[in-house]
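J.: Quick one: structure below, then a few questions.
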Amino acid sequence: MSVAESQAKLANDLVPSGQLVTFVLDGVEFGIDIDRVQEITPRTDICPVPGAPSFILGVINLRGMIIPVIDSRRRFHLPEAEPTTRTRIIVMSLAGEPTGLQVDAVSEVVKLDDFTLRETPPLVAGIQAEYLAGMVTVGKRLITLIHLAKLLDSSEFQERDSLRADAMAAAGVFGMDMEGREEEISEDRAFVTFSLGAESFGISLEQVEEILEIPAVTKVPDAPDYVLGVICLREQVLPLVDLTAVLAVQGLSEARKPEMVVLVSFGETAIGVVVDRIQEILRVTPDKLLPAPQTLSETEAEHLEGVILREDRMVGLLNVMRIITGDDQAKISALGQGLGLRDSKALEVVDQEDLVVFQLGAERYAMKLQEVREIIMVGQITPVPRAPQFVEGVLNLRGEVMPVVDLRTRFGLERIERNRLSRILICAIGGVYTGLVVDAVDEVRPVERRAFEDPPRLSAAAGNRYIEKVARVGEGMIFLLQVRDLLTDAETQSLQGLQGASRKG
């Protein structure tokens with residue numbers, strides 16, 4: 001087995017679910033497998049226990065379970081810091097028993113696509129390497145994996161169990177039937193909870209595929225009012241919805257700026273649900289799931305599968321399939337199409353072509369949707385010496401280095417300063433994944449094939465020789481690019497050197 005294969009196997013062993021709960025310690029991002037996480041809860045009253053190890057803060061009572069809490073800063077020999085409103089306790093399974101880990105803040109849940117495990121330096125943020133399993137990349141971020149098996153040694157596990165038993169005895173629950181407790185835990189349901197305006201909602205963790213920051217959004221025509229548009233994520237176009245109007249959410253301000261997207265399974269596709277802030281991951285037993293209050297209207301009650309009562313708020317548990325019904329389900333499902341994954345025979349029988357429409361100067365251009373792997377905002381581009389004039393440099397996209405072409409320069413237009421509307425389209429040209437810088441992305445829209453015609457021999461379009469067809473639409477013309485002609489064979493070979501490894505497109 002090669003080193004790379006060994007590293008990938010180790011990463012799979014450490015993160016078998018493929019999803020990480022990421023958290024921050026002293027400004028550095030760490031991660032643990034989501035399947036090891038039973039709950040994420042705000043810091044609550046912690047009862048100190050005399051004689052406990054210095055890195056044990058004490059115990060908490062979580063729904064009748066006495067759980068020891070480790071201070072991650074003390075355990076990892078980091079400077080102590082006062083808890084803040086962002087401080088969280090991650091309750092996880094450690095050697096078969098629930099154990100809390102206090103961290104500075106919980107970031108998000110991310111899907112791990114690249115299982116390449118990189119070695120950690122001798123010290124990461126002052127943490128000794130013995131507690132660390134390696135580093136993985138998620139986008140441009142390096143996330144350090146905590147080696148949970150080494151968080152406590154054998155003697156410390158015994159101290160933890162003894163501490164927990166003493167605390168349970170002191171609380172008068174030492175005689176709890178352990179088999180019954182394990183059965184109760186196995187029946188727990190997990191929910192991701194979040195805020196919308198002044199209200200709190202939750203979605204079953206079983207339906208949640210990923211939680212991420214809001215990426216660039218492209219508007220689409222004829223979508224339901226609560227559909228903000230579509231986002232591109234790992235070769236998929238996903239509808240993005242804001243359910244605040246449908247749910248009649250209270251406490252929305254004009255300055256509201258949603259921060260996160262919860263990707264939810266929706267039939268055979270997935271949708272992104274816009275939320276203001278992620279609150280926590282809750283695991284509750286069935287008896288804690290209460291029916292919707294009778295004060296809600298019949299329509300409002302149908303949107304919920306129940307509620308959870310917390311000390312400071314009520315959490316409404318959403319059933320997305322009940323909220324989005326009828327024709328809207330069909331429309332939204334049609335928006336969620338894979339990029340480059342559709343059957344070519346199916347494409348031959350439809351009478352329209354889905355296009356990604358973008359701007360270069362005064363002209364509107366388009367590429368076929370299946371040719372676009374991803375749409376991203378313009379980030380850091382590293383210049384490359386002696387590269388062709390139209391090559392702006394290279395970018396690192398989730399650990400993959402690829403060349404970036406300035407389409408303005410390619411088409412003989414004047415370069416302009418990048419702004420908040422500028423985007424990079426990722427596509428395969430001659431077997432090389434390449435980023436194409438454009439002024440702005442307008443929309444993803446279907447255009448009937450009968451609207452296409454051959455381009456005129458003389459056109460005002462600067463990139464006329466790269467144009468395959470012209471579509472006449474109500475507001476003007478859209479020039480459909482012949483992507484494979486954007487680079488010559490010689491240029492493609494030079495870009496392969498910049499990429500380092502070619503891919504079949």
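Naming scheme: A, B, ... for chains in displayed order of the structure tokens; residues 1 onward per chain; ligands 1 onward as shown.
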Which residues come within 6 Å of stretch 67-79 of chain A, counting only C-alpha atoms, excluding same-chain residues fewer than 2 positions away, as a list in words?

T.: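 That gives Phe55, Ile56, Leu57, Gly58, Val59, Ile60, Thr99, Gly100, Leu101, Gln102 and Ile127 of chain A.
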
J.: What's the 6 Å shell around stretch 16-25 of chain A, counting only C-alpha atoms, without same-chain residues fewer than 2 positions away, as a PDB file with N, CA and C atoms, in the first residue's frame?

T.:
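This went into selection.pdb:
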```
ATOM      1  N   ASN A  12      -9.987   7.989   6.538  1.00  0.00           N
ATOM      2  CA  ASN A  12     -11.311   7.355   6.550  1.00  0.00           C
ATOM      3  C   ASN A  12     -11.623   6.740   7.895  1.00  0.00           C
ATOM      4  N   ASP A  13     -10.604   6.174   8.562  1.00  0.00           N
ATOM      5  CA  ASP A  13     -10.803   5.602   9.894  1.00  0.00           C
ATOM      6  C   ASP A  13     -11.132   6.686  10.918  1.00  0.00           C
ATOM      7  N   GLY A  27      -7.822  30.431  18.298  1.00  0.00           N
ATOM      8  CA  GLY A  27      -7.735  30.954  16.941  1.00  0.00           C
ATOM      9  C   GLY A  27      -7.421  29.934  15.867  1.00  0.00           C
ATOM     10  N   VAL A  28      -7.243  28.645  16.220  1.00  0.00           N
ATOM     11  CA  VAL A  28      -6.922  27.591  15.256  1.00  0.00           C
ATOM     12  C   VAL A  28      -8.120  26.654  15.139  1.00  0.00           C
ATOM     13  N   GLU A  29      -8.380  26.175  13.904  1.00  0.00           N
ATOM     14  CA  GLU A  29      -9.558  25.345  13.647  1.00  0.00           C
ATOM     15  C   GLU A  29      -9.211  23.860  13.737  1.00  0.00           C
ATOM     16  N   PHE A  30     -10.029  23.138  14.489  1.00  0.00           N
ATOM     17  CA  PHE A  30      -9.853  21.703  14.679  1.00  0.00           C
ATOM     18  C   PHE A  30     -11.148  20.995  14.291  1.00  0.00           C
ATOM     19  N   GLY A  31     -11.084  19.665  14.159  1.00  0.00           N
ATOM     20  CA  GLY A  31     -12.272  18.930  13.768  1.00  0.00           C
ATOM     21  C   GLY A  31     -12.303  17.530  14.346  1.00  0.00           C
ATOM     22  N   ILE A  32     -13.522  17.017  14.558  1.00  0.00           N
ATOM     23  CA  ILE A  32     -13.740  15.626  14.963  1.00  0.00           C
ATOM     24  C   ILE A  32     -14.908  15.073  14.149  1.00  0.00           C
ATOM     25  N   ASP A  33     -14.942  13.760  13.984  1.00  0.00           N
ATOM     26  CA  ASP A  33     -15.976  13.117  13.191  1.00  0.00           C
ATOM     27  C   ASP A  33     -17.345  13.370  13.813  1.00  0.00           C
ATOM     28  N   ILE A  34     -18.322  13.723  12.978  1.00  0.00           N
ATOM     29  CA  ILE A  34     -19.646  14.090  13.495  1.00  0.00           C
ATOM     30  C   ILE A  34     -20.329  12.913  14.180  1.00  0.00           C
ATOM     31  N   ASP A 104     -13.581  26.941  22.510  1.00  0.00           N
ATOM     32  CA  ASP A 104     -13.823  28.387  22.418  1.00  0.00           C
ATOM     33  C   ASP A 104     -15.074  28.695  21.602  1.00  0.00           C
ATOM     34  N   ALA A 105     -15.270  27.964  20.505  1.00  0.00           N
ATOM     35  CA  ALA A 105     -16.438  28.183  19.648  1.00  0.00           C
ATOM     36  C   ALA A 105     -16.559  27.022  18.683  1.00  0.00           C
ATOM     37  N   VAL A 106     -17.771  26.711  18.272  1.00  0.00           N
ATOM     38  CA  VAL A 106     -18.016  25.701  17.240  1.00  0.00           C
ATOM     39  C   VAL A 106     -18.257  26.432  15.931  1.00  0.00           C
ATOM     40  N   SER A 107     -17.539  26.025  14.880  1.00  0.00           N
ATOM     41  CA  SER A 107     -17.631  26.727  13.594  1.00  0.00           C
ATOM     42  C   SER A 107     -18.804  26.231  12.772  1.00  0.00           C
ATOM     43  N   GLU A 108     -18.734  24.976  12.295  1.00  0.00           N
ATOM     44  CA  GLU A 108     -19.750  24.481  11.376  1.00  0.00           C
ATOM     45  C   GLU A 108     -19.573  22.989  11.193  1.00  0.00           C
ATOM     46  N   VAL A 109     -20.440  22.413  10.378  1.00  0.00           N
ATOM     47  CA  VAL A 109     -20.308  21.021   9.942  1.00  0.00           C
ATOM     48  C   VAL A 109     -19.905  21.056   8.480  1.00  0.00           C
ATOM     49  N   VAL A 110     -18.816  20.370   8.129  1.00  0.00           N
ATOM     50  CA  VAL A 110     -18.327  20.380   6.752  1.00  0.00           C
ATOM     51  C   VAL A 110     -18.178  18.955   6.250  1.00  0.00           C
ATOM     52  N   LYS A 111     -18.348  18.813   4.947  1.00  0.00           N
ATOM     53  CA  LYS A 111     -18.165  17.507   4.304  1.00  0.00           C
ATOM     54  C   LYS A 111     -16.725  17.403   3.835  1.00  0.00           C
ATOM     55  N   LEU A 112     -16.103  16.271   4.108  1.00  0.00           N
ATOM     56  CA  LEU A 112     -14.700  16.056   3.766  1.00  0.00           C
ATOM     57  C   LEU A 112     -14.633  15.331   2.430  1.00  0.00           C
TER      58      LEU A 112
END
```

J.: Taking the DSSP secondary structure from the backbone, can you list the residues of stretch 372-422 of chain A that are strand (DSSP E or B), as number ranges by chain?

T.: A: 372-377, 382, 391-397, 400-406

J.: Applying 7 Å and only C-alpha atoms, which residues near A:Ile424 remain after dropping the ones on its own chain fewer than 6 positions away? List them as a list in words.

T.: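 My list of contacting residues is Ile375, Ile376, Met377, Val378, Gly435, Leu436, Val437 and Val438 of chain A.
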
J.: Those residues with C-alpha atoms, as a PDB file, in the first residue's frame please?

T.:
```pdb
ATOM      1  CA  ILE A 375     -18.897  29.113  -9.710  1.00  0.00           C
ATOM      2  CA  ILE A 376     -16.779  30.844  -7.062  1.00  0.00           C
ATOM      3  CA  MET A 377     -15.974  34.353  -5.956  1.00  0.00           C
ATOM      4  CA  VAL A 378     -12.617  35.793  -6.998  1.00  0.00           C
ATOM      5  CA  GLY A 435     -10.858  29.072 -13.880  1.00  0.00           C
ATOM      6  CA  LEU A 436     -12.370  31.713 -16.173  1.00  0.00           C
ATOM      7  CA  VAL A 437     -12.649  35.216 -14.700  1.00  0.00           C
ATOM      8  CA  VAL A 438     -15.831  37.047 -15.770  1.00  0.00           C
TER       9      VAL A 438
END
```

J.: I'd like to know which of A:Arg88, A:Lys469, A:Arg277, A:Arg141 is closest to A:Met260, using only C-alpha atoms.

T.: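 Closest to A:Met260 of all the choices is A:Arg277.
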
J.: Could you give me, as a PyMOL selection string, the residues within 8 Å of stretch 486-492 of chain A, counting only C-alpha atoms and dropping anything in the same chain fewer than 3 positions from it?

T.: chain A and resi 429-430+432+466+482-483+495-496

J.: For the residues selected in the previous step, produce a file with C-alpha atoms as a PDB file, in the first residue's frame.

T.:
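As written to disk, result-v1.pdb reads:
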```pdb
ATOM      1  CA  ILE A 429     -10.770  22.697 -21.200  1.00  0.00           C
ATOM      2  CA  GLY A 430      -8.781  20.066 -23.017  1.00  0.00           C
ATOM      3  CA  VAL A 432      -7.441  20.756 -17.637  1.00  0.00           C
ATOM      4  CA  TYR A 466     -14.925  31.444 -29.728  1.00  0.00           C
ATOM      5  CA  GLN A 482     -17.420  26.967 -27.643  1.00  0.00           C
ATOM      6  CA  VAL A 483     -15.471  26.110 -24.510  1.00  0.00           C
ATOM      7  CA  LEU A 495      -1.641  25.062 -18.675  1.00  0.00           C
ATOM      8  CA  GLN A 496      -1.237  21.392 -17.805  1.00  0.00           C
TER       9      GLN A 496
END
```

J.: In terms of the shortest atom-to-atom distance over only C-alpha atoms, which of A:Asp327, A:Ala198, A:Leu335, A:Pro221 is closest to A:Met314?

T.: A:Ala198

J.: Atom CA of A:Val320 to atom CA of A:Asp35: how many Å, to one decimal?

T.: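 Atom-to-atom, atom CA of A:Val320 and atom CA of A:Asp35 are spaced 23.2 Å apart.
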
J.: From the set A:Gly476, A:Lys368, A:Pro383, A:Ser494, which residue has the shortest atom-to-atom contact distance to A:Arg449, counting only C-alpha atoms?

T.: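 Smallest distance to A:Arg449 is found for A:Lys368.
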
J.: For atom CA of A:Gly134 and atom CA of A:His147, quote the distance in Å rounded to one decimal.

T.: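 Distance reported for this atom pair: 8.4 Å.
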
J.: For each of A:Lys219, A:Arg283, A:Lys331, A:Arg445, take the minimum atom-to-atom distance to A:Ala366, counting only C-alpha atoms, then give the residue where this is smallest.

T.: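 Nearest candidate to A:Ala366 out of A:Lys219, A:Arg283, A:Lys331, A:Arg445: A:Arg445.
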
J.: Work out how far atom CA of A:Phe390 is from atom CA of A:Pro403, in Å to one decimal.

T.: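 Atom CA of A:Pro403 sits 10.5 Å away from atom CA of A:Phe390.
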
J.: Do you have, as a tab-separated table, the list of residues of stretch 363-437 of chain A lying at most 10 Å from stretch 225-246 of chain A, each with its nearest atom pair and that distance in Å to one decimal, counting only C-alpha atoms and ordered by chain then number?

T.:
```
residue	atom	partner	partner_atom	distance
A:Leu369	CA	A:Val237	CA	9.0
A:Gln370	CA	A:Glu235	CA	8.7
A:Glu371	CA	A:Glu235	CA	9.7
A:Val372	CA	A:Glu235	CA	7.6
A:Arg373	CA	A:Glu235	CA	4.7
A:Glu374	CA	A:Cys232	CA	5.4
A:Ile375	CA	A:Cys232	CA	5.7
A:Ile376	CA	A:Cys232	CA	7.9
A:Ile426	CA	A:Glu235	CA	9.6
A:Cys427	CA	A:Glu235	CA	10.0
```
